[in-house]
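Visitor: As input, take protein_2.pdb (PDB, C-alpha atoms):
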```pdb
ATOM      1  CA  MET A  28     -31.253 -26.403  18.353
ATOM      2  CA  ALA A  29     -28.291 -24.027  18.449
ATOM      3  CA  ALA A  30     -28.658 -20.717  16.667
ATOM      4  CA  SER A  31     -26.838 -20.568  13.377
ATOM      5  CA  LYS A  32     -23.785 -18.354  13.219
ATOM      6  CA  PRO A  33     -23.918 -15.339  10.923
ATOM      7  CA  LYS A  34     -22.196 -15.798   7.615
ATOM      8  CA  ARG A  35     -18.916 -13.960   7.201
ATOM      9  CA  SER A  36     -17.820 -12.179   4.091
ATOM     10  CA  MET A  37     -15.371 -14.355   2.184
ATOM     11  CA  THR A  38     -13.886 -11.217   0.683
ATOM     12  CA  ALA A  39     -13.116  -9.912   4.174
ATOM     13  CA  ILE A  40     -11.450 -13.203   5.163
ATOM     14  CA  ALA A  41      -9.421 -13.687   1.990
ATOM     15  CA  LEU A  42      -8.553 -10.045   1.370
ATOM     16  CA  PRO A  43      -8.094  -8.001   4.549
ATOM     17  CA  GLY A  44      -9.217  -4.421   4.286
ATOM     18  CA  LEU A  45     -11.690  -4.842   1.432
ATOM     19  CA  VAL A  46     -14.760  -4.446   3.586
ATOM     20  CA  SER A  47     -16.817  -1.691   5.167
ATOM     21  CA  PRO A  48     -17.430  -2.089   8.922
ATOM     22  CA  HIS A  49     -21.082  -1.230   8.282
ATOM     23  CA  ASP A  50     -21.430  -4.376   6.172
ATOM     24  CA  LEU A  51     -20.483  -6.467   9.227
ATOM     25  CA  ALA A  52     -22.892  -4.882  11.694
ATOM     26  CA  ASP A  53     -24.725  -8.218  12.109
ATOM     27  CA  ASP A  54     -21.533 -10.250  12.624
ATOM     28  CA  ARG A  55     -21.321 -10.992  16.337
ATOM     29  CA  GLN A  56     -17.606 -11.719  16.089
ATOM     30  CA  PHE A  57     -16.911  -8.268  14.653
ATOM     31  CA  SER A  58     -16.075  -5.510  17.174
ATOM     32  CA  MET A  59     -17.591  -2.291  15.857
ATOM     33  CA  ASN A  60     -16.029  -0.202  18.645
ATOM     34  CA  LEU A  61     -12.551  -1.436  17.743
ATOM     35  CA  ALA A  62     -13.218  -0.784  14.052
ATOM     36  CA  ARG A  63     -14.304   2.763  14.830
ATOM     37  CA  GLY A  64     -11.207   3.397  16.899
ATOM     38  CA  LEU A  65      -8.988   2.238  14.054
ATOM     39  CA  GLU A  66     -10.904   4.458  11.619
ATOM     40  CA  VAL A  67     -10.070   7.405  13.864
ATOM     41  CA  LEU A  68      -6.364   6.544  13.693
ATOM     42  CA  ARG A  69      -6.551   6.235   9.893
ATOM     43  CA  ALA A  70      -8.073   9.701   9.603
ATOM     44  CA  PHE A  71      -4.645  11.274  10.182
ATOM     45  CA  THR A  72      -2.363  11.763   7.187
ATOM     46  CA  ALA A  73       1.089  13.177   6.479
ATOM     47  CA  THR A  74      -0.500  16.318   5.020
ATOM     48  CA  GLU A  75      -3.007  16.649   7.884
ATOM     49  CA  PRO A  76      -1.211  15.351  10.975
ATOM     50  CA  MET A  77      -3.335  17.332  13.469
ATOM     51  CA  LEU A  78      -7.112  17.006  13.634
ATOM     52  CA  GLY A  79      -9.872  18.082  15.995
ATOM     53  CA  ASN A  80     -12.881  15.986  16.896
ATOM     54  CA  ARG A  81     -15.075  17.741  14.330
ATOM     55  CA  GLU A  82     -12.536  17.143  11.557
ATOM     56  CA  ILE A  83     -12.211  13.480  12.538
ATOM     57  CA  ALA A  84     -15.994  13.137  12.551
ATOM     58  CA  ASP A  85     -16.170  14.642   9.055
ATOM     59  CA  ARG A  86     -13.498  12.237   7.732
ATOM     60  CA  THR A  87     -14.857   9.090   9.333
ATOM     61  CA  GLY A  88     -18.605   9.738   9.206
ATOM     62  CA  LEU A  89     -18.833   8.960  12.922
ATOM     63  CA  PRO A  90     -20.967  11.061  15.312
ATOM     64  CA  LYS A  91     -18.935  13.697  17.145
ATOM     65  CA  PRO A  92     -19.820  12.317  20.644
ATOM     66  CA  THR A  93     -18.516   8.906  19.526
ATOM     67  CA  VAL A  94     -15.344  10.504  18.197
ATOM     68  CA  SER A  95     -14.860  12.382  21.477
ATOM     69  CA  ARG A  96     -15.003   9.148  23.466
ATOM     70  CA  LEU A  97     -12.629   7.416  21.066
ATOM     71  CA  THR A  98     -10.036  10.212  21.027
ATOM     72  CA  TYR A  99     -10.184  10.396  24.830
ATOM     73  CA  THR A 100      -9.572   6.638  25.084
ATOM     74  CA  LEU A 101      -6.848   6.560  22.415
ATOM     75  CA  THR A 102      -5.055   9.459  24.127
ATOM     76  CA  LEU A 103      -5.061   7.666  27.499
ATOM     77  CA  LEU A 104      -3.636   4.561  25.762
ATOM     78  CA  GLY A 105      -0.854   6.524  24.047
ATOM     79  CA  TYR A 106      -2.080   6.164  20.465
ATOM     80  CA  LEU A 107      -2.939   9.878  20.257
ATOM     81  CA  THR A 108      -1.457  12.994  21.824
ATOM     82  CA  ARG A 109      -3.507  16.148  22.478
ATOM     83  CA  ASP A 110      -2.440  19.745  21.994
ATOM     84  CA  PRO A 111      -4.397  21.653  24.677
ATOM     85  CA  GLY A 112      -3.862  25.027  23.004
ATOM     86  CA  LEU A 113      -5.193  23.941  19.610
ATOM     87  CA  GLN A 114      -7.576  21.361  21.076
ATOM     88  CA  LYS A 115      -6.427  18.964  18.392
ATOM     89  CA  TYR A 116      -4.839  15.549  18.275
ATOM     90  CA  ARG A 117      -1.917  13.926  16.493
ATOM     91  CA  LEU A 118      -0.809  10.304  16.341
ATOM     92  CA  GLY A 119       1.170   9.133  19.354
ATOM     93  CA  SER A 120       4.219   6.902  19.700
ATOM     94  CA  GLY A 121       2.003   3.895  20.362
ATOM     95  CA  VAL A 122       1.035   3.819  16.680
ATOM     96  CA  LEU A 123       4.686   3.749  15.617
ATOM     97  CA  SER A 124       5.412   0.920  18.038
ATOM     98  CA  LEU A 125       2.683  -1.181  16.421
ATOM     99  CA  GLY A 126       4.372  -1.041  13.017
ATOM    100  CA  HIS A 127       7.844  -2.173  14.042
ATOM    101  CA  PRO A 128       6.995  -5.812  14.877
ATOM    102  CA  LEU A 129       5.491  -6.197  11.399
ATOM    103  CA  LEU A 130       8.557  -4.792   9.637
ATOM    104  CA  ALA A 131      10.981  -6.728  11.818
ATOM    105  CA  SER A 132       9.147 -10.012  11.237
ATOM    106  CA  MET A 133       9.210  -9.797   7.416
ATOM    107  CA  PRO A 134      12.138 -12.008   6.308
ATOM    108  CA  VAL A 135      11.812 -10.731   2.750
ATOM    109  CA  ARG A 136      12.965  -7.277   3.876
ATOM    110  CA  GLN A 137      16.231  -8.588   5.290
ATOM    111  CA  VAL A 138      16.904 -10.784   2.262
ATOM    112  CA  ALA A 139      15.930  -8.090  -0.236
ATOM    113  CA  ARG A 140      17.945  -5.226   1.240
ATOM    114  CA  PRO A 141      21.401  -6.028  -0.221
ATOM    115  CA  LEU A 142      19.830  -6.894  -3.573
ATOM    116  CA  MET A 143      17.946  -3.584  -3.599
ATOM    117  CA  GLU A 144      21.137  -1.682  -2.781
ATOM    118  CA  GLN A 145      22.985  -3.398  -5.622
ATOM    119  CA  LEU A 146      20.136  -2.656  -8.043
ATOM    120  CA  ALA A 147      20.049   1.006  -6.983
ATOM    121  CA  ARG A 148      23.797   1.381  -7.586
ATOM    122  CA  ARG A 149      23.574  -0.217 -11.035
ATOM    123  CA  THR A 150      20.553   1.775 -12.244
ATOM    124  CA  GLY A 151      20.655   5.070 -10.346
ATOM    125  CA  CYS A 152      17.007   4.466  -9.472
ATOM    126  CA  THR A 153      15.346   4.543  -6.088
ATOM    127  CA  VAL A 154      14.330   0.937  -5.334
ATOM    128  CA  ASN A 155      11.329   0.165  -3.139
ATOM    129  CA  LEU A 156       9.483  -2.788  -1.631
ATOM    130  CA  GLY A 157       5.748  -2.500  -1.030
ATOM    131  CA  MET A 158       2.575  -4.360  -0.126
ATOM    132  CA  ARG A 159      -1.183  -3.732  -0.336
ATOM    133  CA  ASP A 160      -3.137  -1.837   2.312
ATOM    134  CA  ARG A 161      -6.820  -1.566   1.432
ATOM    135  CA  ALA A 162      -7.028   0.598  -1.724
ATOM    136  CA  ASP A 163      -3.384   1.663  -1.464
ATOM    137  CA  MET A 164       0.086   0.213  -1.639
ATOM    138  CA  VAL A 165       2.361   0.942   1.313
ATOM    139  CA  TYR A 166       6.150   1.056   1.254
ATOM    140  CA  VAL A 167       7.895  -1.344   3.630
ATOM    141  CA  ASP A 168      11.479  -0.623   2.550
ATOM    142  CA  THR A 169      13.322   1.797   0.288
ATOM    143  CA  VAL A 170      16.824   2.457  -1.019
ATOM    144  CA  ARG A 171      16.972   6.090  -2.080
ATOM    145  CA  ALA A 172      19.400   6.487  -4.956
ATOM    146  CA  ASP A 173      17.606   9.114  -7.048
ATOM    147  CA  ALA A 174      18.060  12.163  -4.807
ATOM    148  CA  LEU A 175      16.601  14.486  -7.464
ATOM    149  CA  ASN A 176      13.242  12.736  -7.177
ATOM    150  CA  GLN A 177      11.031  15.229  -5.312
ATOM    151  CA  HIS A 178       8.611  12.471  -4.265
ATOM    152  CA  LEU A 179      10.973  10.053  -2.541
ATOM    153  CA  PRO A 180       8.910   7.542  -0.562
ATOM    154  CA  ASP A 181       9.314   6.826   3.122
ATOM    155  CA  ILE A 182       8.613   3.570   4.922
ATOM    156  CA  GLY A 183       4.920   3.530   5.786
ATOM    157  CA  SER A 184       3.904   6.070   3.142
ATOM    158  CA  THR A 185       1.160   5.097   0.725
ATOM    159  CA  ARG A 186       0.164   5.601  -2.900
ATOM    160  CA  PRO A 187      -3.148   4.762  -4.654
ATOM    161  CA  LEU A 188      -3.088   1.106  -5.667
ATOM    162  CA  LEU A 189      -4.293   1.473  -9.248
ATOM    163  CA  ALA A 190      -2.321   4.682  -9.901
ATOM    164  CA  THR A 191       1.106   3.094  -9.443
ATOM    165  CA  SER A 192       3.094   0.422 -11.241
ATOM    166  CA  MET A 193       3.777  -1.296  -7.917
ATOM    167  CA  GLY A 194       0.095  -1.292  -7.011
ATOM    168  CA  ARG A 195      -0.864  -2.767 -10.356
ATOM    169  CA  ALA A 196       1.869  -5.398 -10.012
ATOM    170  CA  LEU A 197       0.421  -6.382  -6.629
ATOM    171  CA  ILE A 198      -3.029  -6.785  -8.185
ATOM    172  CA  LEU A 199      -1.716  -8.805 -11.125
ATOM    173  CA  ALA A 200       0.121 -11.164  -8.775
ATOM    174  CA  CYS A 201      -3.191 -12.227  -7.195
ATOM    175  CA  PRO A 202      -5.290 -15.205  -8.307
ATOM    176  CA  PRO A 203      -8.186 -14.209 -10.618
ATOM    177  CA  ALA A 204     -10.863 -14.281  -7.898
ATOM    178  CA  GLU A 205      -8.840 -12.045  -5.575
ATOM    179  CA  ARG A 206      -7.942  -9.729  -8.442
ATOM    180  CA  THR A 207     -11.639  -9.314  -9.260
ATOM    181  CA  ALA A 208     -12.476  -8.608  -5.618
ATOM    182  CA  ILE A 209      -9.808  -5.888  -5.424
ATOM    183  CA  LEU A 210     -10.952  -4.237  -8.654
ATOM    184  CA  ASN A 211     -14.591  -4.301  -7.562
ATOM    185  CA  TYR A 212     -13.621  -2.675  -4.286
ATOM    186  CA  LEU A 213     -11.617   0.027  -6.080
ATOM    187  CA  LYS A 214     -14.612   0.837  -8.315
ATOM    188  CA  VAL A 215     -16.823   1.388  -5.274
ATOM    189  CA  HIS A 216     -14.162   3.052  -3.126
ATOM    190  CA  ASP A 217     -13.304   5.808  -5.651
ATOM    191  CA  ARG A 218     -14.941   5.448  -9.053
ATOM    192  CA  GLU A 219     -13.358   8.629 -10.419
ATOM    193  CA  LEU A 220      -9.856   7.423  -9.529
ATOM    194  CA  TYR A 221     -10.642   4.002 -10.996
ATOM    195  CA  ASP A 222     -11.838   5.471 -14.284
ATOM    196  CA  THR A 223      -8.822   7.783 -14.480
ATOM    197  CA  HIS A 224      -6.296   4.960 -14.179
ATOM    198  CA  ARG A 225      -8.224   2.219 -15.957
ATOM    199  CA  PRO A 226      -6.304   2.740 -19.250
ATOM    200  CA  ALA A 227      -2.968   2.310 -17.440
ATOM    201  CA  TRP A 228      -4.342  -0.812 -15.731
ATOM    202  CA  GLU A 229      -5.435  -2.327 -19.039
ATOM    203  CA  ALA A 230      -2.078  -1.485 -20.657
ATOM    204  CA  ASP A 231      -0.176  -3.074 -17.768
ATOM    205  CA  GLN A 232      -2.199  -6.273 -18.011
ATOM    206  CA  LYS A 233      -0.869  -6.727 -21.535
ATOM    207  CA  LEU A 234       2.663  -5.605 -20.649
ATOM    208  CA  TYR A 235       2.826  -7.928 -17.649
ATOM    209  CA  ALA A 236       1.555 -10.896 -19.683
ATOM    210  CA  GLN A 237       4.213 -10.309 -22.340
ATOM    211  CA  HIS A 238       7.216  -9.082 -20.354
ATOM    212  CA  GLY A 239       6.540  -9.699 -16.643
ATOM    213  CA  PHE A 240       6.584  -6.111 -15.355
ATOM    214  CA  CYS A 241       4.363  -3.045 -15.003
ATOM    215  CA  HIS A 242       5.236   0.466 -16.149
ATOM    216  CA  SER A 243       4.126   3.842 -14.781
ATOM    217  CA  ARG A 244       4.670   6.754 -17.153
ATOM    218  CA  GLY A 245       4.030   9.434 -14.593
ATOM    219  CA  ASP A 246       0.600   8.044 -13.694
ATOM    220  CA  TRP A 247       0.721   9.126 -10.042
ATOM    221  CA  ARG A 248       3.109  12.078 -10.438
ATOM    222  CA  LYS A 249       3.904  13.170 -13.977
ATOM    223  CA  ASP A 250       7.575  13.765 -13.151
ATOM    224  CA  VAL A 251       8.123  10.295 -11.650
ATOM    225  CA  HIS A 252       8.278   7.138 -13.793
ATOM    226  CA  ALA A 253       8.621   3.559 -12.538
ATOM    227  CA  VAL A 254       8.695  -0.129 -13.371
ATOM    228  CA  ALA A 255       7.520  -2.798 -10.920
ATOM    229  CA  VAL A 256       7.526  -6.574 -10.534
ATOM    230  CA  PRO A 257       5.618  -8.758  -8.022
ATOM    231  CA  VAL A 258       7.690 -11.022  -5.766
ATOM    232  CA  ARG A 259       6.666 -14.606  -5.050
ATOM    233  CA  LEU A 260       6.888 -15.432  -1.360
ATOM    234  CA  PRO A 261       6.332 -18.559   0.746
ATOM    235  CA  GLN A 262       2.727 -19.389   1.615
ATOM    236  CA  ARG A 263       1.135 -17.346   4.400
ATOM    237  CA  GLU A 264       3.416 -14.376   3.643
ATOM    238  CA  GLN A 265       1.691 -11.201   2.507
ATOM    239  CA  PRO A 266       2.377 -10.446  -1.181
ATOM    240  CA  VAL A 267       4.977  -7.789  -1.975
ATOM    241  CA  ALA A 268       6.300  -6.110  -5.109
ATOM    242  CA  MET A 269       9.525  -4.282  -5.961
ATOM    243  CA  ASN A 270       9.855  -1.189  -8.110
ATOM    244  CA  CYS A 271      12.457   1.167  -9.532
ATOM    245  CA  THR A 272      11.576   4.867  -9.784
ATOM    246  CA  LEU A 273      13.367   7.692 -11.558
ATOM    247  CA  ALA A 274      12.702  11.391 -12.059
ATOM    248  CA  ALA A 275      11.445  11.798 -15.616
ATOM    249  CA  TYR A 276      13.819  14.638 -16.553
ATOM    250  CA  ARG A 277      16.813  12.437 -15.689
ATOM    251  CA  MET A 278      15.660   9.586 -17.835
ATOM    252  CA  PRO A 279      16.689   8.900 -21.443
ATOM    253  CA  LYS A 280      13.895   7.560 -23.605
ATOM    254  CA  ASP A 281      12.971   3.945 -22.811
ATOM    255  CA  LYS A 282      15.640   3.662 -20.082
ATOM    256  CA  LEU A 283      13.261   2.064 -17.591
ATOM    257  CA  THR A 284      11.792  -0.509 -19.953
ATOM    258  CA  ARG A 285      14.969  -1.201 -21.932
ATOM    259  CA  GLU A 286      17.682  -1.101 -19.251
ATOM    260  CA  VAL A 287      16.145  -1.092 -15.786
ATOM    261  CA  ALA A 288      13.287  -3.594 -16.153
ATOM    262  CA  PRO A 289      15.556  -6.554 -17.100
ATOM    263  CA  LEU A 290      17.775  -5.807 -14.075
ATOM    264  CA  LEU A 291      14.713  -5.532 -11.834
ATOM    265  CA  LEU A 292      13.383  -8.861 -13.101
ATOM    266  CA  ASP A 293      16.753 -10.473 -12.451
ATOM    267  CA  THR A 294      16.855  -9.024  -8.923
ATOM    268  CA  VAL A 295      13.394 -10.409  -8.175
ATOM    269  CA  ARG A 296      14.475 -13.831  -9.495
ATOM    270  CA  GLN A 297      17.466 -13.733  -7.112
ATOM    271  CA  LEU A 298      15.191 -12.760  -4.233
ATOM    272  CA  GLU A 299      12.777 -15.586  -4.995
ATOM    273  CA  ALA A 300      15.675 -18.053  -5.255
ATOM    274  CA  ALA A 301      16.939 -16.893  -1.851
ATOM    275  CA  GLN A 302      13.457 -17.670  -0.481
ATOM    276  CA  GLY A 303      13.646 -21.174  -1.952
ATOM    277  CA  LEU A 304      10.983 -20.480  -4.579
ATOM    278  CA  ARG A 305      13.087 -20.579  -7.718
ATOM    279  CA  SER A 306      15.985 -22.660  -8.954
ATOM    280  CA  THR A 307      19.302 -20.810  -9.127
ATOM    281  CA  ASN A 308      20.252 -22.760 -12.261
TER     282      ASN A 308
END
```
Now that the file is in, can you turn its structure into structure tokens?

Guide:
Amino acid sequence: MAASKPKRSMTAIALPGLVSPHDLADDRQFSMNLARGLEVLRAFTATEPMLGNREIADRTGLPKPTVSRLTYTLTLLGYLTRDPGLQKYRLGSGVLSLGHPLLASMPVRQVARPLMEQLARRTGCTVNLGMRDRADMVYVDTVRADALNQHLPDIGSTRPLLATSMGRALILACPPAERTAILNYLKVHDRELYDTHRPAWEADQKLYAQHGFCHSRGDWRKDVHAVAVPVRLPQREQPVAMNCTLAAYRMPKDKLTREVAPLLLDTVRQLEAAQGLRSTN
């Protein structure tokens, strides 16, 4: 009688990223070495672009000898570069090359771009498109109209999922079971962050149910406010959301909710119609 295959986590299959590699140690189909290598790459951030093996070990929880082998391998493959003088590493061009095929193969970006530019001109807001990455949302396109915003996003930059209107819109766009899985993961991943932004999450659930958008009143950065709306896409496409951000000191009271949100909702309706998901009538 053939040996039974180990059960896989349904959460891992349905919601990529919401799993710890250690939970899959008994899954024969799961490559722990590959997972560890990717954790090394994720240890680098915009604020800490150069790391030594000890720093990487501290951030990933991996043994230093394991980290040394991984950084050696990733450097030979072009995913890391090494500074001999500092004996530290930074991400290499190979990582950047991995991201381009994803961006280039997202039809929604090409369709959304002219609509985002039009919305930015009409509102004076910076308009962004984003998707979920683990416990964060990541920007996949941006039209930068609000030059006074000191926290202008860049493609590939991330923000905490629950701390942003776009992140909350992405959660609210999910079916109930997936939404619960994401929230459970966020509680475990960073309970303090979850508790801090839980009131904004609960407020946005009501706002989204009534008006179809989410609203950040400086939740992530006190001087940046935003409204966000999820975008329906064809099946098998990863969910995205669109937001409008504005520096708080430039914003008259209720401008985002009263003036910008209706225009954002209309832009999303046009985008969905262009994808064949909504009638233009």

Visitor: List the spatial neighbours of A:Thr191 as a list in words - criterion: any atom at most 8 Å away, only C-alpha atoms, same-chain residues fewer than 6 positions off excluded.

Guide: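 The neighbour list is Ser243, Asp246 and Trp247 of chain A.
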
Visitor: Rank A:Leu118, A:Leu113, A:Leu156, A:Ala230 by their smallest atom-to-atom distance to A:Arg136, using only C-alpha atoms, and report the top residue only.

Guide: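 Under the stated criterion, the closest residue is A:Leu156.
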
Visitor: Calculated over all atoms listed in the file, which of the candidates A:Pro266, A:Pro257, A:Gly126, A:Gly245 has the smallest distance to A:Thr294?

Guide: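 Smallest separation from A:Thr294 among the options: A:Pro257.
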
Visitor: Report as a compact mmCIF listing (two decimals) with C-alpha atoms, in the frame of the given file all protein, DNA and RNA residues lying within 9 Å of A:Met158, evaluated on all atoms listed in the file, omitting residues in the same chain fewer than 2 positions from it.

Guide:
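Below is the file that was written, result.txt:
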```txt
# COMPACT_ATOMS: atom_id res chain seq x y z
CA LEU A 156 9.48 -2.79 -1.63
CA ASP A 160 -3.14 -1.84 2.31
CA ASP A 163 -3.38 1.66 -1.46
CA MET A 164 0.09 0.21 -1.64
CA VAL A 165 2.36 0.94 1.31
CA TYR A 166 6.15 1.06 1.25
CA VAL A 167 7.90 -1.34 3.63
CA MET A 193 3.78 -1.30 -7.92
CA GLY A 194 0.10 -1.29 -7.01
CA LEU A 197 0.42 -6.38 -6.63
CA GLN A 265 1.69 -11.20 2.51
CA PRO A 266 2.38 -10.45 -1.18
CA VAL A 267 4.98 -7.79 -1.98
CA ALA A 268 6.30 -6.11 -5.11
```

Visitor: Closest to A:Thr98 among A:Val67, A:Ala62, A:Met143, A:Ala52, using all atoms listed in the file?

Guide: A:Val67

Visitor: I need the residue set behind the PyMOL selection byres ((chain A and resi 70) around 7) for this file; please write it as a ChimeraX atom specification.

Guide: /A:66-69,71-72,83,86-87

Visitor: Let me have the centre and edge lengths in Å, one decimal, of the box along x, y and z around every listed atom of stretch 187-191 of chain A with 6 Å of margin on each side, as AutoDock Vina command-line options.

Guide:
```
--center_x -1.6 --center_y 2.9 --center_z -7.3 --size_x 17.4 --size_y 15.7 --size_z 17.2
```

Visitor: Tell me which of A:Tyr221, A:Thr169, A:Pro111, A:His216 sits closest to A:Leu189, counting all atoms listed in the file.

Guide: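 That would be A:Tyr221, the residue with the smallest distance to A:Leu189.
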
Visitor: Just checking: using all atoms listed in the file, which residue out of A:Ala274, A:Leu104, A:Ala301, A:Leu234 ends up closest to A:Gly119?

Guide: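 So, comparing all the options, the nearest one is A:Leu104.
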
Visitor: Given the file shown, enumerate the residues that the PyMOL selection byres ((chain A and resi 299) around 12) captures and present them as a VMD selection string.

Guide: chain A and resid 134 to 135 138 to 139 142 256 to 261 267 to 269 292 to 298 300 to 307

Visitor: Name every residue that the PyMOL selection byres ((chain A and resi 105) around 9) selects in this structure, writing the answer as a list in words with chains first and numbers rising.

Guide: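 Given this file, the PyMOL selection byres ((chain A and resi 105) around 9) evaluates to Thr100, Leu101, Thr102, Leu103, Leu104, Tyr106, Leu107, Thr108, Leu118, Gly119, Ser120, Gly121 and Val122 of chain A.
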
Visitor: So how far away is atom CA of A:Arg63 from atom CA of A:Thr93, in Å?

Guide: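 Pair atom CA of A:Thr93 / atom CA of A:Arg63 returns 8.8 Å.
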
Visitor: For a test of reading the model, state the distance in Å between atom CA of A:Asn270 and atom CA of A:Ala147, rounded to one decimal.

Guide: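 Taking atom CA of A:Asn270 as the start and atom CA of A:Ala147 as the end point, the length is 10.5 Å.
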
Visitor: Any idea what the distance is between atom CA of A:Leu291 and atom CA of A:Ala275?

Guide: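 According to the coordinates, atom CA of A:Leu291 and atom CA of A:Ala275 are separated by 18.0 Å.
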
Visitor: For the point (11.6, -0.8, -14.1) in file coordinates, what residues are within 8 Å, counting all atoms listed in the file? Give the answer as a list in words?

Guide: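 These residues have at least one counted atom within 8 Å: Phe240, Cys241, His242, Ala253, Val254, Ala255, Val256, Asn270, Cys271, Thr272, Leu283, Thr284, Glu286, Val287, Ala288, Pro289, Leu290 and Leu291 of chain A.
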
Visitor: Only C-alpha atoms, please: the residues just picked out, written as a compact mmCIF listing (two decimals), keeping the file's coordinate frame.

Guide:
```txt
# COMPACT_ATOMS: atom_id res chain seq x y z
CA PHE A 240 6.58 -6.11 -15.36
CA CYS A 241 4.36 -3.04 -15.00
CA HIS A 242 5.24 0.47 -16.15
CA ALA A 253 8.62 3.56 -12.54
CA VAL A 254 8.70 -0.13 -13.37
CA ALA A 255 7.52 -2.80 -10.92
CA VAL A 256 7.53 -6.57 -10.53
CA ASN A 270 9.86 -1.19 -8.11
CA CYS A 271 12.46 1.17 -9.53
CA THR A 272 11.58 4.87 -9.78
CA LEU A 283 13.26 2.06 -17.59
CA THR A 284 11.79 -0.51 -19.95
CA GLU A 286 17.68 -1.10 -19.25
CA VAL A 287 16.14 -1.09 -15.79
CA ALA A 288 13.29 -3.59 -16.15
CA PRO A 289 15.56 -6.55 -17.10
CA LEU A 290 17.77 -5.81 -14.08
CA LEU A 291 14.71 -5.53 -11.83
```

Visitor: Counting all atoms listed in the file, select every polymer residue within 10 Å of (-10.3, 3.0, -5.1) as defined in the file's coordinates, and provide the selection as a PDB file with C-alpha atoms, keeping the file's coordinate frame.

Guide:
```pdb
ATOM      1  CA  ARG A 161      -6.820  -1.566   1.432  1.00  0.00           C
ATOM      2  CA  ALA A 162      -7.028   0.598  -1.724  1.00  0.00           C
ATOM      3  CA  ASP A 163      -3.384   1.663  -1.464  1.00  0.00           C
ATOM      4  CA  PRO A 187      -3.148   4.762  -4.654  1.00  0.00           C
ATOM      5  CA  LEU A 188      -3.088   1.106  -5.667  1.00  0.00           C
ATOM      6  CA  LEU A 189      -4.293   1.473  -9.248  1.00  0.00           C
ATOM      7  CA  ALA A 190      -2.321   4.682  -9.901  1.00  0.00           C
ATOM      8  CA  ILE A 209      -9.808  -5.888  -5.424  1.00  0.00           C
ATOM      9  CA  LEU A 210     -10.952  -4.237  -8.654  1.00  0.00           C
ATOM     10  CA  ASN A 211     -14.591  -4.301  -7.562  1.00  0.00           C
ATOM     11  CA  TYR A 212     -13.621  -2.675  -4.286  1.00  0.00           C
ATOM     12  CA  LEU A 213     -11.617   0.027  -6.080  1.00  0.00           C
ATOM     13  CA  LYS A 214     -14.612   0.837  -8.315  1.00  0.00           C
ATOM     14  CA  VAL A 215     -16.823   1.388  -5.274  1.00  0.00           C
ATOM     15  CA  HIS A 216     -14.162   3.052  -3.126  1.00  0.00           C
ATOM     16  CA  ASP A 217     -13.304   5.808  -5.651  1.00  0.00           C
ATOM     17  CA  ARG A 218     -14.941   5.448  -9.053  1.00  0.00           C
ATOM     18  CA  GLU A 219     -13.358   8.629 -10.419  1.00  0.00           C
ATOM     19  CA  LEU A 220      -9.856   7.423  -9.529  1.00  0.00           C
ATOM     20  CA  TYR A 221     -10.642   4.002 -10.996  1.00  0.00           C
ATOM     21  CA  ASP A 222     -11.838   5.471 -14.284  1.00  0.00           C
TER      22      ASP A 222
END
```

Visitor: Between A:Thr153, A:Asn60, A:Gln262, A:Thr185, which residue has the minimum interatomic distance to A:Leu89, considering all atoms listed in the file?

Guide: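 Result for the nearest residue to A:Leu89: A:Asn60.
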